[in-house]
>>> print(open('data-v1.cif').read())   # mmCIF, C-alpha atoms and all ligand atoms
data_entry
#
loop_
_atom_site.label_atom_id
_atom_site.label_comp_id
_atom_site.auth_asym_id
_atom_site.auth_seq_id
_atom_site.Cartn_x
_atom_site.Cartn_y
_atom_site.Cartn_z
CA MET A 4 77.65 106.48 103.89
CA ILE A 5 80.47 107.03 106.34
CA THR A 6 81.17 110.73 106.87
CA HIS A 7 84.50 112.51 106.55
CA GLU A 8 84.41 113.22 110.30
CA ILE A 9 83.97 109.55 111.22
CA LEU A 10 86.76 108.56 108.83
CA GLN A 11 89.02 111.11 110.47
CA GLU A 12 88.16 109.83 113.95
CA ASN A 13 88.77 106.23 112.90
CA LEU A 14 92.07 107.18 111.31
CA GLU A 15 93.26 108.98 114.42
CA LYS A 16 92.43 105.98 116.60
CA ILE A 17 94.30 103.64 114.30
CA GLN A 18 97.31 105.96 114.10
CA SER A 19 97.55 106.19 117.85
CA ALA A 20 97.34 102.39 118.25
CA MET A 21 100.03 102.09 115.56
CA SER A 22 102.27 104.41 117.57
CA GLU A 23 101.76 102.41 120.73
CA SER A 24 102.52 99.10 119.03
CA ALA A 25 105.60 100.56 117.36
CA LYS A 26 106.80 101.87 120.69
CA ARG A 27 106.28 98.50 122.38
CA ALA A 28 108.39 96.90 119.66
CA GLY A 29 111.06 99.62 119.69
CA ARG A 30 110.22 100.58 116.12
CA LYS A 31 109.64 103.93 114.44
CA VAL A 32 106.01 104.41 113.45
CA HIS A 33 107.22 106.05 110.21
CA ASP A 34 108.49 102.66 109.09
CA ILE A 35 104.94 101.28 109.08
CA ARG A 36 102.67 102.26 106.21
CA LEU A 37 98.90 102.25 106.68
CA MET A 38 97.12 100.94 103.60
CA ALA A 39 93.40 101.72 103.41
CA VAL A 40 91.50 98.80 101.89
CA THR A 41 88.60 100.14 99.83
CA LYS A 42 87.06 97.13 98.10
CA LEU A 43 83.30 97.60 97.72
CA LYS A 44 83.62 101.22 98.91
CA SER A 45 82.55 104.25 96.92
CA VAL A 46 84.74 106.83 95.21
CA ASP A 47 83.52 109.37 97.77
CA VAL A 48 85.03 107.32 100.58
CA ILE A 49 88.26 106.96 98.61
CA GLN A 50 88.36 110.71 97.93
CA SER A 51 87.86 111.43 101.64
CA LEU A 52 90.73 109.10 102.51
CA ILE A 53 92.97 110.86 100.00
CA ASN A 54 91.94 114.22 101.44
CA LEU A 55 92.90 112.93 104.88
CA GLY A 56 96.40 112.24 103.59
CA ILE A 57 96.22 108.48 103.04
CA LYS A 58 99.03 107.50 100.65
CA HIS A 59 98.40 103.76 100.19
CA ILE A 60 95.15 102.27 98.98
CA GLY A 61 94.42 98.58 98.45
CA GLU A 62 91.83 97.13 96.09
CA ASN A 63 90.88 93.47 95.51
CA TYR A 64 88.84 93.20 92.33
CA PRO A 65 90.31 94.62 89.09
CA ASP A 66 86.90 95.04 87.42
CA GLU A 67 85.62 97.03 90.38
CA THR A 68 88.74 99.19 90.51
CA ILE A 69 88.32 100.07 86.82
CA GLN A 70 84.88 101.47 87.62
CA LYS A 71 86.46 103.76 90.20
CA ILE A 72 89.69 104.48 88.37
CA GLN A 73 89.17 108.21 87.93
CA VAL A 74 89.55 108.94 91.64
CA PHE A 75 92.96 107.24 91.56
CA GLN A 76 94.04 108.93 88.35
CA GLU A 77 93.20 112.34 89.77
CA ALA A 78 94.90 111.64 93.10
CA PRO A 79 98.27 113.23 93.96
CA ASN A 80 101.25 111.42 92.44
CA ASP A 81 102.39 109.95 95.73
CA VAL A 82 99.16 108.00 96.27
CA VAL A 83 99.95 104.35 95.57
CA LEU A 84 97.30 101.91 94.34
CA HIS A 85 98.02 98.34 95.45
CA MET A 86 96.39 95.19 94.16
CA ILE A 87 95.86 92.90 97.17
CA GLY A 88 93.34 90.31 95.96
CA HIS A 89 93.57 87.05 94.08
CA CYS A 90 93.83 87.89 90.39
CA GLN A 91 92.51 85.72 87.60
CA SER A 92 94.96 85.33 84.78
CA ARG A 93 92.76 87.15 82.28
CA LYS A 94 92.50 90.17 84.60
CA ILE A 95 96.22 90.69 85.11
CA LYS A 96 96.39 93.20 82.23
CA ILE A 97 94.22 95.54 84.32
CA VAL A 98 96.77 95.28 87.13
CA ALA A 99 99.61 96.00 84.69
CA ASP A 100 97.78 98.98 83.19
CA TYR A 101 96.27 100.66 86.23
CA PHE A 102 97.95 99.57 89.46
CA ASP A 103 101.22 100.79 90.98
CA SER A 104 101.99 97.70 93.02
CA PHE A 105 100.98 94.03 93.22
CA GLN A 106 101.01 92.68 96.77
CA SER A 107 99.16 89.45 96.05
CA LEU A 108 101.48 87.62 93.66
CA ASP A 109 100.34 84.13 94.66
CA ARG A 110 101.60 81.80 91.91
CA LEU A 111 104.29 81.56 89.26
CA GLU A 112 101.97 81.74 86.27
CA ILE A 113 100.53 85.12 87.23
CA GLY A 114 104.00 86.57 87.81
CA LEU A 115 105.24 85.43 84.40
CA LYS A 116 102.18 86.80 82.65
CA LEU A 117 102.41 90.13 84.47
CA ASN A 118 106.08 90.38 83.58
CA SER A 119 105.48 89.83 79.90
CA ILE A 120 102.76 92.49 79.74
CA LEU A 121 104.96 94.93 81.68
CA GLU A 122 107.85 94.30 79.29
CA LYS A 123 105.74 95.55 76.39
CA LYS A 124 104.78 98.63 78.38
CA ASN A 125 108.34 99.15 79.57
CA LYS A 126 106.96 99.48 83.11
CA LYS A 127 108.38 98.02 86.32
CA MET A 128 106.22 97.06 89.24
CA PRO A 129 106.87 96.39 92.94
CA VAL A 130 105.57 92.93 93.85
CA PHE A 131 105.12 91.01 97.09
CA LEU A 132 104.97 87.22 97.24
CA GLU A 133 101.89 85.95 99.06
CA LEU A 134 102.43 83.07 101.45
CA ASN A 135 99.70 80.91 102.91
CA THR A 136 100.98 80.95 106.48
CA GLY A 137 97.96 79.23 108.03
CA GLU A 138 98.04 76.29 105.60
CA GLU A 139 94.41 76.98 104.71
CA LEU A 140 92.92 75.08 101.79
CA THR A 141 90.72 78.03 100.86
CA LYS A 142 93.58 80.52 100.70
CA LYS A 143 95.90 81.36 97.83
CA GLY A 144 99.62 81.78 97.96
CA TRP A 145 102.57 79.44 98.38
CA LEU A 146 102.04 77.08 101.25
CA LEU A 147 104.27 77.74 104.23
CA LYS A 148 104.64 75.01 106.85
CA GLY A 149 105.94 76.74 109.94
CA THR A 150 108.96 78.56 108.61
CA SER A 151 110.25 75.99 106.15
CA LEU A 152 110.29 76.98 102.50
CA SER A 153 109.05 74.31 100.13
CA SER A 154 111.12 73.25 97.16
CA SER A 155 108.29 74.27 94.82
CA PHE A 156 108.32 77.79 96.25
CA LEU A 157 112.09 78.01 95.80
CA ARG A 158 111.83 76.76 92.22
CA ASP A 159 109.14 79.34 91.40
CA LEU A 160 111.14 82.06 93.12
CA GLU A 161 114.15 81.33 90.93
CA GLN A 162 112.04 81.96 87.85
CA LEU A 163 110.39 85.07 89.27
CA GLN A 164 113.80 86.57 90.09
CA LYS A 165 114.62 86.41 86.39
CA CYS A 166 111.61 88.60 85.54
CA SER A 167 113.10 91.94 84.59
CA GLN A 168 109.96 94.01 85.25
CA LEU A 169 109.10 92.57 88.68
CA ASP A 170 110.73 94.30 91.63
CA ILE A 171 110.26 91.71 94.37
CA GLN A 172 110.19 93.83 97.53
CA GLY A 173 108.70 91.62 100.18
CA LEU A 174 106.18 89.11 101.46
CA MET A 175 102.48 89.30 102.15
CA THR A 176 100.10 87.11 104.14
CA LEU A 177 96.52 86.93 105.33
CA PRO A 178 96.45 84.49 108.25
CA PRO A 179 93.34 82.58 109.37
CA PHE A 180 90.39 84.60 110.52
CA THR A 181 90.24 84.82 114.31
CA GLU A 182 88.57 86.93 116.96
CA ASN A 183 91.73 86.74 119.02
CA ALA A 184 94.52 88.77 117.41
CA GLU A 185 97.20 87.13 119.53
CA GLU A 186 96.58 83.83 117.77
CA ASN A 187 98.02 85.32 114.59
CA ARG A 188 101.24 86.56 116.12
CA TYR A 189 102.78 83.15 115.38
CA TYR A 190 102.08 83.50 111.63
CA PHE A 191 103.45 87.03 111.51
CA ALA A 192 106.63 85.95 113.27
CA ASN A 193 106.97 83.08 110.80
CA LEU A 194 106.65 85.42 107.83
CA ARG A 195 109.37 87.67 109.23
CA HIS A 196 111.57 84.65 109.81
CA VAL A 197 111.09 83.60 106.17
CA LEU A 198 112.03 87.08 104.95
CA GLU A 199 115.24 86.95 106.98
CA ASP A 200 115.95 83.46 105.69
CA LEU A 201 115.51 84.55 102.06
CA ASN A 202 117.84 87.51 102.60
CA THR A 203 120.50 85.53 104.42
CA HIS A 204 120.52 82.28 102.47
CA TYR A 205 119.02 83.03 99.07
CA GLY A 206 120.68 86.31 98.14
CA MET A 207 117.51 88.36 98.27
CA HIS A 208 117.11 91.94 99.49
CA LEU A 209 113.54 91.98 100.75
CA THR A 210 112.52 94.86 102.97
CA GLU A 211 108.72 94.72 103.12
CA LEU A 212 106.28 92.67 105.18
CA SER A 213 102.61 93.27 104.39
CA MET A 214 100.65 91.74 107.24
CA GLY A 215 97.91 92.65 109.70
CA THR A 216 94.31 93.73 109.09
CA SER A 217 91.65 95.42 111.23
CA ILE A 218 91.60 92.60 113.74
CA ASP A 219 95.32 91.92 114.19
CA TYR A 220 97.44 94.87 113.03
CA CYS A 221 98.89 95.49 116.48
CA PRO A 222 100.64 92.10 116.85
CA ALA A 223 101.59 92.38 113.15
CA ILE A 224 103.40 95.65 113.83
CA GLU A 225 105.11 94.14 116.85
CA GLU A 226 106.33 91.28 114.63
CA GLY A 227 107.74 93.58 111.95
CA ALA A 228 104.98 94.62 109.52
CA THR A 229 105.97 97.46 107.18
CA PHE A 230 102.49 97.59 105.62
CA ILE A 231 99.25 97.01 107.47
CA ARG A 232 96.08 96.64 105.37
CA ILE A 233 93.05 98.14 107.09
CA GLY A 234 89.47 98.04 105.87
CA THR A 235 86.63 97.55 108.37
CA ILE A 236 87.83 99.63 111.33
CA LEU A 237 88.62 102.55 109.03
CA VAL A 238 85.90 102.62 106.37
CA GLY A 239 83.25 100.47 108.06
CA PRO A 240 82.04 96.93 107.33
CA ARG A 241 81.55 95.76 103.76
CA VAL A 242 77.86 95.13 103.17
C1 LIG B 1 89.77 92.84 102.65
C2 LIG B 1 91.21 92.67 102.93
C3 LIG B 1 91.85 93.35 103.97
C4 LIG B 1 91.12 94.26 104.95
O1 LIG B 1 90.47 93.51 105.91
P1 LIG B 1 89.70 94.20 107.16
O2 LIG B 1 89.47 93.07 108.09
O3 LIG B 1 88.44 94.80 106.65
O4 LIG B 1 90.62 95.22 107.73
C5 LIG B 1 93.21 93.19 104.10
N1 LIG B 1 93.91 92.38 103.30
C6 LIG B 1 93.34 91.69 102.31
C7 LIG B 1 94.17 90.80 101.46
C8 LIG B 1 91.97 91.79 102.10
O5 LIG B 1 91.40 91.09 101.11
#
>>> encode(input="data-v1.cif", output="structure tokens", more="lines below")
Ligand SMILES: *Cc1c(COP(=O)(O)O)cnc(C)c1O
Amino acid sequence: MITHEILQENLEKIQSAMSESAKRAGRKVHDIRLMAVTKLKSVDVIQSLINLGIKHIGENYPDETIQKIQVFQEAPNDVVLHMIGHCQSRKIKIVADYFDSFQSLDRLEIGLKLNSILEKKNKKMPVFLELNTGEELTKKGWLLKGTSLSSSFLRDLEQLQKCSQLDIQGLMTLPPFTENAEENRYYFANLRHVLEDLNTHYGMHLTELSMGTSIDYCPAIEEGATFIRIGTILVGPRV
């Protein structure tokens, strides 16, 4: 298992690269939140991250998160548990019950179902709309061609905006896998453009862009990310 010392070293390296990228882009590093992605990682790793002051944690599989839920329930109040994976419809109740935020809202149906469960609980939840920026067949999310919003996305959005319990805060994407981070800068810039478009022309007030992982968080920050989602380079590879 990865030790507390190694986690700390990894964290410091990431934080210093975040600062450099923010500086290059003329941004404040405080405006960029580091989310630790802990899918398939033990509660001990999660506890170490919390002890190191990590405030945002991302998990992908509701059933797995339930197994580890105690570490999140015992965490300080300002630790935020984000759902970032594709969620089957029958698992959305777990998200409603145990998560603080849903960054992978990838289709209308799941948003409507989440909203109706949240209504009964009288709970509101921050949500991010996931866009498939790389037009990949294997990926979830609304398809984005360049920066043009499809009519089906806009139709779904209209319905989601009527959901009283969903606080739509921003957009999320996971661009194609690449070894060369610079290749993904284009997708990050497109996502930012879409956010600006939604705010200017569709009366939205989105402030958050969740984009960038271990391989490409530096260009993501330079293109406006407010959340980066980091697994491998922080907590080690998933085996
Ligand atoms: C697993 C995952 C990450 C973390 O990826 P790394 O390459 O390990 O940093 C980020 N975002 C999403 C949506 C993921 O599923």
>>> closest_atom_pairs(input="data-v1.cif", of="chain A", to="ligand LIG 1 (chain B)", cutoff="8 Å", atoms="only C-alpha atoms and all ligand atoms", output="CSV")
residue,atom,partner,partner_atom,distance
A:Ala39,CA,B:LIG1,C4,8.0
A:Val40,CA,B:LIG1,C4,5.5
A:Thr41,CA,B:LIG1,C1,7.9
A:Lys42,CA,B:LIG1,C1,6.8
A:Gly61,CA,B:LIG1,N1,7.9
A:Glu62,CA,B:LIG1,O5,7.9
A:Asn63,CA,B:LIG1,O5,6.1
A:Ile87,CA,B:LIG1,C7,5.1
A:Gly88,CA,B:LIG1,O5,5.6
A:Ser107,CA,B:LIG1,C7,7.5
A:Thr176,CA,B:LIG1,C7,7.5
A:Leu177,CA,B:LIG1,C7,6.0
A:Met214,CA,B:LIG1,N1,7.8
A:Gly215,CA,B:LIG1,C5,7.3
A:Thr216,CA,B:LIG1,O4,4.2
A:Ser217,CA,B:LIG1,O4,3.7
A:Ile218,CA,B:LIG1,O2,6.1
A:Ile231,CA,B:LIG1,C5,7.9
A:Arg232,CA,B:LIG1,C5,4.7
A:Ile233,CA,B:LIG1,O4,3.9
A:Gly234,CA,B:LIG1,O3,3.5
A:Thr235,CA,B:LIG1,O3,3.7
A:Ile236,CA,B:LIG1,O4,6.3
A:Leu237,CA,B:LIG1,O4,7.7
A:Gly239,CA,B:LIG1,O3,7.8
A:Pro240,CA,B:LIG1,O3,6.8
A:Arg241,CA,B:LIG1,O3,7.5
>>> atom_distance(input="data-v1.cif", atom1="CA of Asn13 in chain A", atom2="CA of Val32 in chain A")
17.3 Å
>>> closest_residue(input="data-v1.cif", among="A:Gly29, A:Gly227, A:Pro178, A:Pro65", to="Leu140 in chain A", atoms="all atoms listed in the file")
A:Pro178
>>> atom_distance(input="data-v1.cif", atom1="CA of Glu182 in chain A", atom2="CA of Phe105 in chain A")
27.7 Å
>>> atom_distance(input="data-v1.cif", atom1="CA of Val130 in chain A", atom2="CA of Gln106 in chain A")
5.4 Å
>>> residues_around(input="data-v1.cif", residues="Ser24 in chain A", least_positions_apart="4", cutoff="12 Å", atoms="only C-alpha atoms", output="PyMOL selection string")
chain A and resi 17-20+28-32+35+219-228
>>> closest_residue(input="data-v1.cif", among="A:Leu14, A:Leu132, A:Met4, A:Val98", to="Val197 in chain A", atoms="all atoms listed in the file")
A:Leu132
>>> closest_atom_pairs(input="data-v1.cif", of="range 120-143 of chain A", to="range 188-191 of chain A", cutoff="12 Å", atoms="all atoms listed in the file", output="JSON lines")
{"residue": "A:Leu134", "atom": "CA", "partner": "A:Tyr190", "partner_atom": "CA", "distance": 10.2}
{"residue": "A:Asn135", "atom": "CA", "partner": "A:Tyr190", "partner_atom": "CA", "distance": 9.4}
{"residue": "A:Thr136", "atom": "CA", "partner": "A:Tyr190", "partner_atom": "CA", "distance": 5.9}
{"residue": "A:Gly137", "atom": "CA", "partner": "A:Tyr190", "partner_atom": "CA", "distance": 6.9}
{"residue": "A:Glu138", "atom": "CA", "partner": "A:Tyr190", "partner_atom": "CA", "distance": 10.2}
>>> axis_aligned_box(input="data-v1.cif", around="range 154-159 of chain A", padding_each_side="6 Å", output="AutoDock Vina command-line options")
--center_x 110.2 --center_y 76.3 --center_z 94.3 --size_x 15.8 --size_y 18.1 --size_z 17.8
>>> residues_around(input="data-v1.cif", residues="Gln162 in chain A", least_positions_apart="6", cutoff="10 Å", atoms="only C-alpha atoms", output="PyMOL selection string")
chain A and resi 111+114-115
>>> closest_residue(input="data-v1.cif", among="A:Thr210, A:Gln76, A:Thr181, A:Asn118", to="Cys166 in chain A", atoms="all atoms listed in the file")
A:Asn118
>>> closest_residue(input="data-v1.cif", among="A:Arg27, A:Tyr205, A:His7, A:His59", to="Glu161 in chain A", atoms="all atoms listed in the file")
A:Tyr205
>>> residues_around(input="data-v1.cif", residues="Gln11 in chain A", least_positions_apart="3", cutoff="9 Å", atoms="only C-alpha atoms", output="list of chain:residue names")
A:Thr6, A:His7, A:Glu8, A:Leu14, A:Glu15, A:Lys16, A:Ser51, A:Leu52, A:Leu55, A:Leu237
>>> closest_residue(input="data-v1.cif", among="A:Leu194, A:Val238, A:Met175, A:Leu209", to="Ile60 in chain A", atoms="all atoms listed in the file")
A:Val238
>>> residues_around(input="data-v1.cif", residues="Phe131 in chain A", least_positions_apart="2", cutoff="9 Å", atoms="only C-alpha atoms", output="PyMOL selection string")
chain A and resi 104-109+129+133+170-175+211-213
>>> decode(input="data-v1.cif", residues="range 151-183 of chain A", atoms="N, CA and C atoms", output="mmCIF file, in the first residue's frame")
data_model
loop_
_atom_site.group_PDB
_atom_site.id
_atom_site.type_symbol
_atom_site.label_atom_id
_atom_site.label_comp_id
_atom_site.auth_asym_id
_atom_site.auth_seq_id
_atom_site.Cartn_x
_atom_site.Cartn_y
_atom_site.Cartn_z
ATOM 1 N N SER A 151 -20.378 23.224 -30.874
ATOM 2 C CA SER A 151 -21.795 23.491 -31.152
ATOM 3 C C SER A 151 -22.707 22.560 -30.361
ATOM 4 N N LEU A 152 -23.651 23.174 -29.662
ATOM 5 C CA LEU A 152 -24.576 22.443 -28.805
ATOM 6 C C LEU A 152 -25.669 21.817 -29.660
ATOM 7 N N SER A 153 -25.937 20.546 -29.428
ATOM 8 C CA SER A 153 -26.949 19.866 -30.226
ATOM 9 C C SER A 153 -28.339 20.240 -29.719
ATOM 10 N N SER A 154 -29.323 20.108 -30.592
ATOM 11 C CA SER A 154 -30.685 20.444 -30.172
ATOM 12 C C SER A 154 -31.170 19.462 -29.107
ATOM 13 N N SER A 155 -30.695 18.215 -29.142
ATOM 14 C CA SER A 155 -31.144 17.277 -28.107
ATOM 15 C C SER A 155 -30.562 17.653 -26.742
ATOM 16 N N PHE A 156 -29.332 18.128 -26.726
ATOM 17 C CA PHE A 156 -28.774 18.609 -25.457
ATOM 18 C C PHE A 156 -29.601 19.781 -24.925
ATOM 19 N N LEU A 157 -29.914 20.720 -25.792
ATOM 20 C CA LEU A 157 -30.648 21.908 -25.342
ATOM 21 C C LEU A 157 -32.051 21.554 -24.848
ATOM 22 N N ARG A 158 -32.668 20.582 -25.510
ATOM 23 C CA ARG A 158 -33.984 20.111 -25.058
ATOM 24 C C ARG A 158 -33.899 19.482 -23.665
ATOM 25 N N ASP A 159 -32.898 18.615 -23.483
ATOM 26 C CA ASP A 159 -32.708 17.964 -22.176
ATOM 27 C C ASP A 159 -32.399 19.003 -21.094
ATOM 28 N N LEU A 160 -31.568 19.966 -21.455
ATOM 29 C CA LEU A 160 -31.175 21.007 -20.505
ATOM 30 C C LEU A 160 -32.397 21.759 -19.995
ATOM 31 N N GLU A 161 -33.310 22.061 -20.911
ATOM 32 C CA GLU A 161 -34.520 22.782 -20.525
ATOM 33 C C GLU A 161 -35.280 22.026 -19.431
ATOM 34 N N GLN A 162 -35.344 20.719 -19.589
ATOM 35 C CA GLN A 162 -36.041 19.910 -18.576
ATOM 36 C C GLN A 162 -35.263 19.847 -17.270
ATOM 37 N N LEU A 163 -33.946 19.727 -17.383
ATOM 38 C CA LEU A 163 -33.122 19.627 -16.174
ATOM 39 C C LEU A 163 -33.172 20.925 -15.367
ATOM 40 N N GLN A 164 -33.284 22.052 -16.070
ATOM 41 C CA GLN A 164 -33.349 23.349 -15.375
ATOM 42 C C GLN A 164 -34.611 23.483 -14.537
ATOM 43 N N LYS A 165 -35.619 22.685 -14.885
ATOM 44 C CA LYS A 165 -36.871 22.733 -14.111
ATOM 45 C C LYS A 165 -36.802 21.848 -12.858
ATOM 46 N N CYS A 166 -35.733 21.094 -12.710
ATOM 47 C CA CYS A 166 -35.611 20.188 -11.559
ATOM 48 C C CYS A 166 -35.206 20.985 -10.325
ATOM 49 N N SER A 167 -36.117 21.066 -9.374
ATOM 50 C CA SER A 167 -35.919 21.956 -8.228
ATOM 51 C C SER A 167 -34.742 21.561 -7.342
ATOM 52 N N GLN A 168 -34.396 20.266 -7.310
ATOM 53 C CA GLN A 168 -33.369 19.817 -6.374
ATOM 54 C C GLN A 168 -31.972 19.748 -7.009
ATOM 55 N N LEU A 169 -31.894 20.006 -8.313
ATOM 56 C CA LEU A 169 -30.592 19.936 -8.986
ATOM 57 C C LEU A 169 -30.027 21.343 -9.144
ATOM 58 N N ASP A 170 -28.867 21.559 -8.561
ATOM 59 C CA ASP A 170 -28.196 22.854 -8.683
ATOM 60 C C ASP A 170 -27.119 22.692 -9.761
ATOM 61 N N ILE A 171 -27.472 23.052 -10.976
ATOM 62 C CA ILE A 171 -26.541 22.831 -12.101
ATOM 63 C C ILE A 171 -25.429 23.876 -12.030
ATOM 64 N N GLN A 172 -24.237 23.426 -11.659
ATOM 65 C CA GLN A 172 -23.133 24.367 -11.403
ATOM 66 C C GLN A 172 -22.104 24.451 -12.522
ATOM 67 N N GLY A 173 -22.060 23.411 -13.361
ATOM 68 C CA GLY A 173 -21.010 23.469 -14.373
ATOM 69 C C GLY A 173 -21.003 22.278 -15.299
ATOM 70 N N LEU A 174 -19.875 22.113 -15.976
ATOM 71 C CA LEU A 174 -19.710 21.077 -16.988
ATOM 72 C C LEU A 174 -18.520 20.196 -16.633
ATOM 73 N N MET A 175 -18.585 18.978 -17.101
ATOM 74 C CA MET A 175 -17.518 18.013 -16.826
ATOM 75 C C MET A 175 -17.189 17.265 -18.117
ATOM 76 N N THR A 176 -15.927 16.922 -18.304
ATOM 77 C CA THR A 176 -15.575 16.076 -19.449
ATOM 78 C C THR A 176 -14.363 15.203 -19.140
ATOM 79 N N LEU A 177 -14.306 14.095 -19.850
ATOM 80 C CA LEU A 177 -13.138 13.212 -19.822
ATOM 81 C C LEU A 177 -12.756 12.991 -21.286
ATOM 82 N N PRO A 178 -11.794 13.758 -21.790
ATOM 83 C CA PRO A 178 -11.448 13.648 -23.211
ATOM 84 C C PRO A 178 -10.732 12.337 -23.528
ATOM 85 N N PRO A 179 -10.480 12.065 -24.804
ATOM 86 C CA PRO A 179 -9.845 10.794 -25.182
ATOM 87 C C PRO A 179 -8.530 10.576 -24.444
ATOM 88 N N PHE A 180 -8.241 9.309 -24.194
ATOM 89 C CA PHE A 180 -6.965 8.988 -23.571
ATOM 90 C C PHE A 180 -5.830 9.322 -24.538
ATOM 91 N N THR A 181 -4.787 9.935 -24.036
ATOM 92 C CA THR A 181 -3.626 10.250 -24.857
ATOM 93 C C THR A 181 -2.386 10.260 -23.977
ATOM 94 N N GLU A 182 -1.244 10.052 -24.593
ATOM 95 C CA GLU A 182 0.014 10.168 -23.859
ATOM 96 C C GLU A 182 0.483 11.623 -23.891
ATOM 97 N N ASN A 183 -0.072 12.356 -24.847
ATOM 98 C CA ASN A 183 0.375 13.721 -25.065
ATOM 99 C C ASN A 183 -0.690 14.709 -24.597
#
